[in-house]
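Each remark here refers to the structure printed beneath this line.
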Amino acid sequence: MTFLQKISCFVCTFATTISVFATSVESRPGELASLLSDHSITSLKVTGEMDARDFKFIADNLSLLSELDLSEVSICAYTNVETPVFGTDVYYSEATIPGTAFFGMPLTKVTLPNHLQTVGYAAFAGCTALSEITFPAALDSIGAFAFNGTALTSVTIPASITVVEEGAFAHCGKLTSAGISSATIGKEAFLADTALTTLSLGAEVKTIGDGAFNSCTALTSINFTGHSITSVGEAAFANTALAVLDLSAQSSLSTISDWVCANAPLSEAKLPESVTTLGNGAFFYATELQSAELPRHITSIPAYTFTGAEALLTDTIIPAEVKEVGEYAFYNAASLSRFMIPQSVQHIATKAMAGTIGLQMMEVNTPIVPTLGDSVWAGVNQPEVKVDVTHTALVPNFIQAEQWNKFHILQNYLLGDVNSDGVLDITDVSMLVSYVLGENPSNFNDLVADINRDNLYDVSDVSLLNEMMLSGNSIIIQLSPAGVSVIGSISSPTEQTDLRQSQQILK
């Protein structure tokens, strides 16, 4: 073979290689098959017009295709009620990539049509090598599972895309960053994107669907750039690595669904005052949660809200309008040492505070004895927990009520006020004398009659009581099932007529 023949052969071979691996065609609807006789190409640019039949040809025949440029293509509508093209679908809209069109193909890079409006159901699902995608300005929606299981590393979803549907970017194990401005983020849209560390939600985002970011195990923070979110779906941020959830600026947010941050290592959570519906288990086993700001106008702490929140320290965590504490609401919140029950609470449900083994003090501000479910404080050493009942007239009721009566319920009295009228005077001395002499005066309170606390009732108690009355000095004691303790003294007759005010002064 001559030198010129060799050169000619090389040129032909090179040209053939180019035609095999990089092809550009201008097509009419349904004609792409007739334009591509060589199915071994790896790179393809299509211009002109396509419809569902052309997408089906690519899916069935171009098994080596890795790069696809459709930027200058117009997608036409197509209908064939006799012969479905993909699955059972017979109707295909214009400006839409058909559902499952590229399912499982070895694509690495795709340029979508400039005038594309919709990416169909699972259109690129299972394209495990697809690492690069560009969204055109006209795109309005990304269908369910559209890019599920791809190798995308970063996505920026503009506000023009109003809906990112269910599972659209789920199981994208290489996705590290996402900027989302869509109004609606669908159910499980980014489920189990285990490499996702950077997430920014734009001002246009209104709805975060159920499980939208569930199991994004590397996600430690979220940048909220707007204030338009109205609802957060069930388990939206569950099983993430979020350290802080601050929704306080989302003034339009009304609904937070069940299990929103379950099993996340939150240390702090802030919810806006606009929230009226809080679902079950919002912070279920958020084991590092120390503080949470709940909206003032919720009327219940739902079931399982703080179950397993072992580090929780906030004692005033129940908002002022809450009427019911749901079952297992604080189950195993073992670090709580002080706890305040506001006046609105009427019922505490089954095992709501079981396992709160660090509990030392409770303040109960209710005007009634709240009703209780079963085993509310199971596992708690109740006799060691002091309960301060602010409505002192209810103390006897608490002492007699099931489950409540196991606590060390504090009860304030004036030492020596044996007739329980709130002041020390001659009537108390006279009644004590009668009691010492063996009489049984009515309404005699023997709990405050042992003035010198020697477990006897005798003349020394009468003498000390007389001295206290004449001097105007009185001693306030707390009575509980565990015994008697002195908490201070008062001297003013005015103070003696208001024991509750006196207790607050002495504290």
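Ordering of the structure tokens sets the chain letters (A, B, ...), residue numbers begin anew at 1 in every chain, and ligands are numbered from 1 in the order given.
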Q | Contacts of region 68-79 of chain A within 7 Å, only C-alpha atoms, excl. fewer than 4 positions in-chain, as a list in words | A | Ser43, Leu44, Lys45, Val46, Thr47, Gly48, Glu49, Met50, Asp51, Ala52, Val90, Tyr91, Tyr92, Ser93, Glu94, Ala95, Thr96, Lys109, Val110, Thr111, Leu112, Pro113, Asn114 and His115 of chain A
Based on the selection just made, write C-alpha atoms of those residues as a compact mmCIF listing (two decimals), in the first residue's frame.
```
# COMPACT_ATOMS: atom_id res chain seq x y z
CA SER A 43 -22.89 11.06 21.48
CA LEU A 44 -25.95 12.52 19.77
CA LYS A 45 -27.35 15.95 19.06
CA VAL A 46 -30.87 16.17 17.71
CA THR A 47 -32.43 19.31 16.24
CA GLY A 48 -35.82 19.91 14.68
CA GLU A 49 -38.82 18.04 16.09
CA MET A 50 -39.41 14.79 18.01
CA ASP A 51 -42.30 12.93 19.52
CA ALA A 52 -42.76 9.87 21.75
CA VAL A 90 -51.24 6.45 24.56
CA TYR A 91 -51.33 10.24 25.01
CA TYR A 92 -48.11 12.29 25.04
CA SER A 93 -48.09 16.03 25.60
CA GLU A 94 -45.99 18.51 23.73
CA ALA A 95 -42.90 20.00 25.40
CA THR A 96 -42.76 16.93 27.65
CA LYS A 109 -24.65 14.21 30.28
CA VAL A 110 -27.97 15.53 28.98
CA THR A 111 -28.89 18.96 27.66
CA LEU A 112 -32.65 19.34 27.83
CA PRO A 113 -34.73 21.13 25.15
CA ASN A 114 -34.80 24.91 25.55
CA HIS A 115 -38.59 24.94 25.42
```
Q) Can you list, as a list in words, every protein, DNA or RNA residue that comes within 9 Å of Ala349 (chain A) when you count only C-alpha atoms, leaving out same-chain residues fewer than 4 positions away? A)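 Listing them by chain and then by number gives Ala303, Glu324, Val325, Gly326, Glu327, Tyr328, Ala329, Met353, Thr371, Leu372, Gly373, Asp374, Ser375 and Val376 of chain A.
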Region 417-421 of chain A: which residues within 9 Å, counting only C-alpha atoms, same-chain residues fewer than 5 positions away excluded, as a PDB file with N, CA and C atoms, in the first residue's frame?
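Contents of the output file around35.pdb:
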```
ATOM      1  N   THR A 427     -57.163  32.382 119.690  1.00  0.00           N
ATOM      2  CA  THR A 427     -58.026  31.217 119.424  1.00  0.00           C
ATOM      3  C   THR A 427     -57.190  29.965 119.163  1.00  0.00           C
ATOM      4  N   ASP A 428     -56.003  30.154 118.536  1.00  0.00           N
ATOM      5  CA  ASP A 428     -55.122  29.010 118.323  1.00  0.00           C
ATOM      6  C   ASP A 428     -54.582  28.491 119.643  1.00  0.00           C
ATOM      7  N   VAL A 429     -54.195  29.422 120.565  1.00  0.00           N
ATOM      8  CA  VAL A 429     -53.686  29.015 121.877  1.00  0.00           C
ATOM      9  C   VAL A 429     -54.753  28.246 122.636  1.00  0.00           C
ATOM     10  N   MET A 431     -57.351  26.611 121.464  1.00  0.00           N
ATOM     11  CA  MET A 431     -57.644  25.319 120.851  1.00  0.00           C
ATOM     12  C   MET A 431     -56.550  24.314 121.173  1.00  0.00           C
ATOM     13  N   LEU A 432     -55.260  24.776 121.186  1.00  0.00           N
ATOM     14  CA  LEU A 432     -54.164  23.876 121.505  1.00  0.00           C
ATOM     15  C   LEU A 432     -54.243  23.414 122.956  1.00  0.00           C
ATOM     16  N   SER A 442     -63.153  20.620 117.231  1.00  0.00           N
ATOM     17  CA  SER A 442     -63.434  20.408 115.806  1.00  0.00           C
ATOM     18  C   SER A 442     -62.480  21.239 114.948  1.00  0.00           C
ATOM     19  N   ASN A 443     -62.173  20.707 113.762  1.00  0.00           N
ATOM     20  CA  ASN A 443     -61.304  21.378 112.785  1.00  0.00           C
ATOM     21  C   ASN A 443     -59.893  21.627 113.317  1.00  0.00           C
ATOM     22  N   PHE A 444     -59.458  20.808 114.261  1.00  0.00           N
ATOM     23  CA  PHE A 444     -58.116  20.978 114.819  1.00  0.00           C
ATOM     24  C   PHE A 444     -57.090  20.351 113.863  1.00  0.00           C
ATOM     25  N   ASN A 445     -56.059  21.132 113.487  1.00  0.00           N
ATOM     26  CA  ASN A 445     -55.015  20.643 112.586  1.00  0.00           C
ATOM     27  C   ASN A 445     -53.804  20.227 113.410  1.00  0.00           C
ATOM     28  N   ASP A 446     -53.716  18.934 113.702  1.00  0.00           N
ATOM     29  CA  ASP A 446     -52.634  18.463 114.556  1.00  0.00           C
ATOM     30  C   ASP A 446     -51.280  18.478 113.845  1.00  0.00           C
ATOM     31  N   LEU A 447     -51.289  18.641 112.476  1.00  0.00           N
ATOM     32  CA  LEU A 447     -50.035  18.657 111.734  1.00  0.00           C
ATOM     33  C   LEU A 447     -49.184  19.874 112.058  1.00  0.00           C
ATOM     34  N   VAL A 448     -49.806  20.953 112.536  1.00  0.00           N
ATOM     35  CA  VAL A 448     -49.046  22.173 112.838  1.00  0.00           C
ATOM     36  C   VAL A 448     -49.017  22.458 114.347  1.00  0.00           C
ATOM     37  N   ALA A 449     -49.467  21.488 115.152  1.00  0.00           N
ATOM     38  CA  ALA A 449     -49.579  21.727 116.590  1.00  0.00           C
ATOM     39  C   ALA A 449     -48.304  21.390 117.367  1.00  0.00           C
ATOM     40  N   THR A 497     -51.940  36.564 106.519  1.00  0.00           N
ATOM     41  CA  THR A 497     -53.259  36.321 105.910  1.00  0.00           C
ATOM     42  C   THR A 497     -53.156  35.848 104.471  1.00  0.00           C
TER      43      THR A 497
END
```
**Q.** Separation of CA of Ile318 (chain A) from CA of Ala235 (chain A), in Å and rounded to one decimal
**A.** 22.3 Å
Q: Enumerate as a list of chain:residue names all residues of region 46-262 of chain A assigned to alpha helix (DSSP H) by DSSP on the backbone, naming them with the chain letters and numbers the document uses.
A: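 Taking region 46-262 of chain A and keeping alpha helix (DSSP H) only, one gets A:Ala52, A:Arg53, A:Asp54, A:Phe55, A:Lys56, A:Phe57, A:Ile58, A:Ala59, A:Asp60, A:Asn61.
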Q. How many Å lie between CA of Phe330 (chain A) and CA of Ile399 (chain A), rounded to one decimal?
A. 23.4 Å
Q: Would you list the contacts of Phe284 (chain A) as a PyMOL selection string, taking every protein, DNA or RNA residue within 8 Å and counting only C-alpha atoms, but skipping same-chain residues closer than 3 positions in sequence?
A: chain A and resi 259+261-263+281+304-309
For the selection you just gave me, I'd like the residues written to a file as an mmCIF file, in the first residue's frame, keeping N, CA and C atoms.
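Result written to result-v1.cif:
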```cif
data_model
loop_
_atom_site.group_PDB
_atom_site.id
_atom_site.type_symbol
_atom_site.label_atom_id
_atom_site.label_comp_id
_atom_site.auth_asym_id
_atom_site.auth_seq_id
_atom_site.Cartn_x
_atom_site.Cartn_y
_atom_site.Cartn_z
ATOM 1 N N TRP A 259 -43.608 13.271 63.047
ATOM 2 C CA TRP A 259 -42.252 12.734 62.960
ATOM 3 C C TRP A 259 -41.296 13.627 62.160
ATOM 4 N N CYS A 261 -38.829 15.614 62.667
ATOM 5 C CA CYS A 261 -37.380 15.525 62.900
ATOM 6 C C CYS A 261 -37.024 14.285 63.708
ATOM 7 N N ALA A 262 -37.795 13.248 63.558
ATOM 8 C CA ALA A 262 -37.535 12.023 64.314
ATOM 9 C C ALA A 262 -36.131 11.499 64.030
ATOM 10 N N ASN A 263 -35.469 11.088 65.089
ATOM 11 C CA ASN A 263 -34.127 10.493 65.003
ATOM 12 C C ASN A 263 -33.077 11.433 64.413
ATOM 13 N N GLY A 281 -44.900 12.976 67.464
ATOM 14 C CA GLY A 281 -43.506 12.576 67.379
ATOM 15 C C GLY A 281 -42.589 13.536 66.657
ATOM 16 N N TYR A 304 -45.881 11.319 71.656
ATOM 17 C CA TYR A 304 -44.500 11.014 71.251
ATOM 18 C C TYR A 304 -43.668 12.236 70.860
ATOM 19 N N THR A 305 -44.142 13.451 71.169
ATOM 20 C CA THR A 305 -43.429 14.650 70.710
ATOM 21 C C THR A 305 -41.961 14.635 71.113
ATOM 22 N N PHE A 306 -41.690 14.373 72.396
ATOM 23 C CA PHE A 306 -40.309 14.393 72.890
ATOM 24 C C PHE A 306 -39.860 13.019 73.396
ATOM 25 N N THR A 307 -40.512 11.984 72.918
ATOM 26 C CA THR A 307 -40.089 10.639 73.313
ATOM 27 C C THR A 307 -38.605 10.433 73.015
ATOM 28 N N GLY A 308 -37.866 10.023 74.030
ATOM 29 C CA GLY A 308 -36.449 9.735 73.840
ATOM 30 C C GLY A 308 -35.555 10.954 73.746
ATOM 31 N N ALA A 309 -36.108 12.144 74.009
ATOM 32 C CA ALA A 309 -35.283 13.367 74.001
ATOM 33 C C ALA A 309 -34.502 13.418 75.313
#
```
Q.
Could you go through region 137-237 of chain A and tell me which residues DSSP, when run on the backbone, assigns to strand (DSSP E or B), listing them as a list in words?
A. Ser141, Ile142, Ser154, Val155, Thr156, Ile157, Val163, Val164, Ser177, Ala178, Gly179, Ile180, Thr184, Ile185, Thr198, Leu199, Ser200, Leu201, Thr207, Ile208, Asn223, Phe224, Ser231 and Val232 of chain A
Restricted to N, CA, C and O atoms, what would the selected residues look like written as a tab-separated table (two decimals), in the first residue's frame?
```tsv
chain	number	residue	atom	x	y	z
A	141	SER	N	-42.25	21.71	35.58
A	141	SER	CA	-42.38	20.65	36.59
A	141	SER	C	-41.44	19.49	36.29
A	141	SER	O	-41.14	19.19	35.14
A	142	ILE	N	-41.00	18.88	37.38
A	142	ILE	CA	-40.16	17.69	37.31
A	142	ILE	C	-40.98	16.53	37.87
A	142	ILE	O	-41.37	16.55	39.04
A	154	SER	N	-24.88	17.89	41.95
A	154	SER	CA	-25.40	19.20	42.37
A	154	SER	C	-26.61	19.54	41.50
A	154	SER	O	-26.60	19.28	40.29
A	155	VAL	N	-27.64	20.10	42.12
A	155	VAL	CA	-28.79	20.55	41.35
A	155	VAL	C	-29.20	21.93	41.83
A	155	VAL	O	-29.16	22.23	43.03
A	156	THR	N	-29.57	22.79	40.87
A	156	THR	CA	-30.14	24.10	41.17
A	156	THR	C	-31.49	24.16	40.48
A	156	THR	O	-31.56	24.13	39.24
A	157	ILE	N	-32.54	24.20	41.27
A	157	ILE	CA	-33.89	24.15	40.73
A	157	ILE	C	-34.51	25.54	40.84
A	157	ILE	O	-34.82	26.01	41.94
A	163	VAL	N	-43.10	22.67	40.62
A	163	VAL	CA	-43.32	21.41	41.34
A	163	VAL	C	-42.16	20.45	41.09
A	163	VAL	O	-41.79	20.18	39.95
A	164	VAL	N	-41.59	19.95	42.19
A	164	VAL	CA	-40.67	18.81	42.13
A	164	VAL	C	-41.43	17.65	42.75
A	164	VAL	O	-41.68	17.63	43.96
A	177	SER	N	-25.08	18.89	46.96
A	177	SER	CA	-25.69	20.20	47.19
A	177	SER	C	-26.94	20.37	46.35
A	177	SER	O	-27.03	19.86	45.22
A	178	ALA	N	-27.91	21.09	46.93
A	178	ALA	CA	-29.16	21.35	46.23
A	178	ALA	C	-29.66	22.74	46.61
A	178	ALA	O	-29.75	23.07	47.79
A	179	GLY	N	-29.97	23.52	45.58
A	179	GLY	CA	-30.62	24.80	45.78
A	179	GLY	C	-31.99	24.73	45.16
A	179	GLY	O	-32.13	24.45	43.96
A	180	ILE	N	-33.02	24.93	45.96
A	180	ILE	CA	-34.39	24.68	45.51
A	180	ILE	C	-35.24	25.92	45.70
A	180	ILE	O	-35.33	26.47	46.81
A	184	THR	N	-43.35	23.85	45.43
A	184	THR	CA	-43.71	22.57	46.05
A	184	THR	C	-42.58	21.56	45.91
A	184	THR	O	-42.14	21.26	44.80
A	185	ILE	N	-42.12	21.07	47.05
A	185	ILE	CA	-41.15	19.98	47.07
A	185	ILE	C	-41.93	18.73	47.46
A	185	ILE	O	-42.46	18.63	48.56
A	198	THR	N	-25.26	20.34	51.66
A	198	THR	CA	-25.61	21.74	51.47
A	198	THR	C	-27.00	21.85	50.87
A	198	THR	O	-27.25	21.35	49.77
A	199	LEU	N	-27.91	22.50	51.61
A	199	LEU	CA	-29.29	22.63	51.16
A	199	LEU	C	-29.76	24.06	51.38
A	199	LEU	O	-29.71	24.57	52.50
A	200	SER	N	-30.20	24.69	50.31
A	200	SER	CA	-30.74	26.05	50.40
A	200	SER	C	-32.16	26.05	49.84
A	200	SER	O	-32.39	25.60	48.72
A	201	LEU	N	-33.10	26.53	50.65
A	201	LEU	CA	-34.50	26.61	50.24
A	201	LEU	C	-34.85	28.06	49.98
A	201	LEU	O	-34.76	28.91	50.87
A	207	THR	N	-44.32	24.53	50.20
A	207	THR	CA	-44.71	23.23	50.74
A	207	THR	C	-43.53	22.26	50.68
A	207	THR	O	-42.94	22.07	49.62
A	208	ILE	N	-43.23	21.67	51.82
A	208	ILE	CA	-42.21	20.62	51.90
A	208	ILE	C	-42.95	19.32	52.17
A	208	ILE	O	-43.58	19.16	53.21
A	223	ASN	N	-30.34	26.22	54.86
A	223	ASN	CA	-30.38	27.67	54.69
A	223	ASN	C	-31.75	28.07	54.16
A	223	ASN	O	-32.08	27.81	53.00
A	224	PHE	N	-32.56	28.68	55.02
A	224	PHE	CA	-33.87	29.18	54.60
A	224	PHE	C	-33.70	30.64	54.18
A	224	PHE	O	-33.43	31.50	55.01
A	231	SER	N	-46.37	24.65	55.03
A	231	SER	CA	-46.53	23.34	55.66
A	231	SER	C	-45.27	22.51	55.48
A	231	SER	O	-44.58	22.60	54.46
A	232	VAL	N	-44.99	21.70	56.50
A	232	VAL	CA	-43.86	20.77	56.48
A	232	VAL	C	-44.42	19.38	56.70
A	232	VAL	O	-45.09	19.13	57.70
```
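Counting from CA of Thr42 (chain A), the distance to CA of Ala59 (chain A) is 13.0 Å.
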